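Down below is the structure, laid out as structure tokens.
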Amino acid sequence: MKDNNKQEHSGLSPSEIQVLEMVRSKRFLSIKVIIKNGEVDAIEGLERLDTGERIIDMLKQHDFQNLEIKQSNGKIVCVNRIFRKKIDPCRKNQKLLTDNS
């Protein structure tokens, strides 16, 4: 069965499918769904990043994000990122997780 058929038969909107993809990825510590006028407008995901990654590289991964960097004894011990993904309800085949796989 093609993905399009799964989407049609599931009864879920494209934005609902994107939320479920995020949940199923198990990559996120928390997921926040922002709703406007009864429709999903944006999704925010909180994820913990590898502390060995360069900060400049982290900044380039998403256009809209907040980075929290915790330091102890001069070393980075924790990096959390909250990124925001606007949902375009007109685009049916948009994949959220392909943006940063």
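We name chains A, B, ... following the order of the structure tokens; residues begin at 1 in each chain, and ligands are numbered from 1 as shown.
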
10 Å contact set for stretch 54-68 of chain A, only C-alpha atoms, chain neighbours under 5 positions out, as a PyMOL selection string: chain A and resi 44-49+78-86+99-100

Apply DSSP to the structure's backbone, then extract all residues of stretch 15-81 of chain A labelled helix (DSSP H, G or I) and return them as a list of chain:residue names. A:Ser15, A:Glu16, A:Ile17, A:Gln18, A:Val19, A:Leu20, A:Glu21, A:Met22, A:Val23, A:Arg24, A:Ser25, A:Ile55, A:Ile56, A:Asp57, A:Met58, A:Leu59, A:Lys60

Pick the closest to A:Gln18 from A:Lys36, A:Ala42, A:Thr51, A:Ser30: which is it, counting only C-alpha atoms?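 Residue with the minimum atom-to-atom distance to A:Gln18: A:Ala42.
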
Restricting the calculation to only C-alpha atoms, which member of A:Ser10, A:Asn37, A:Asp50, A:Glu16 is positioned closest to A:Val77?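 For A:Val77, the nearest of the candidates is A:Asp50.
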
Just how far from atom CA of A:Ile87 is atom CA of A:Arg24, in Å to one decimal? 18.1 Å
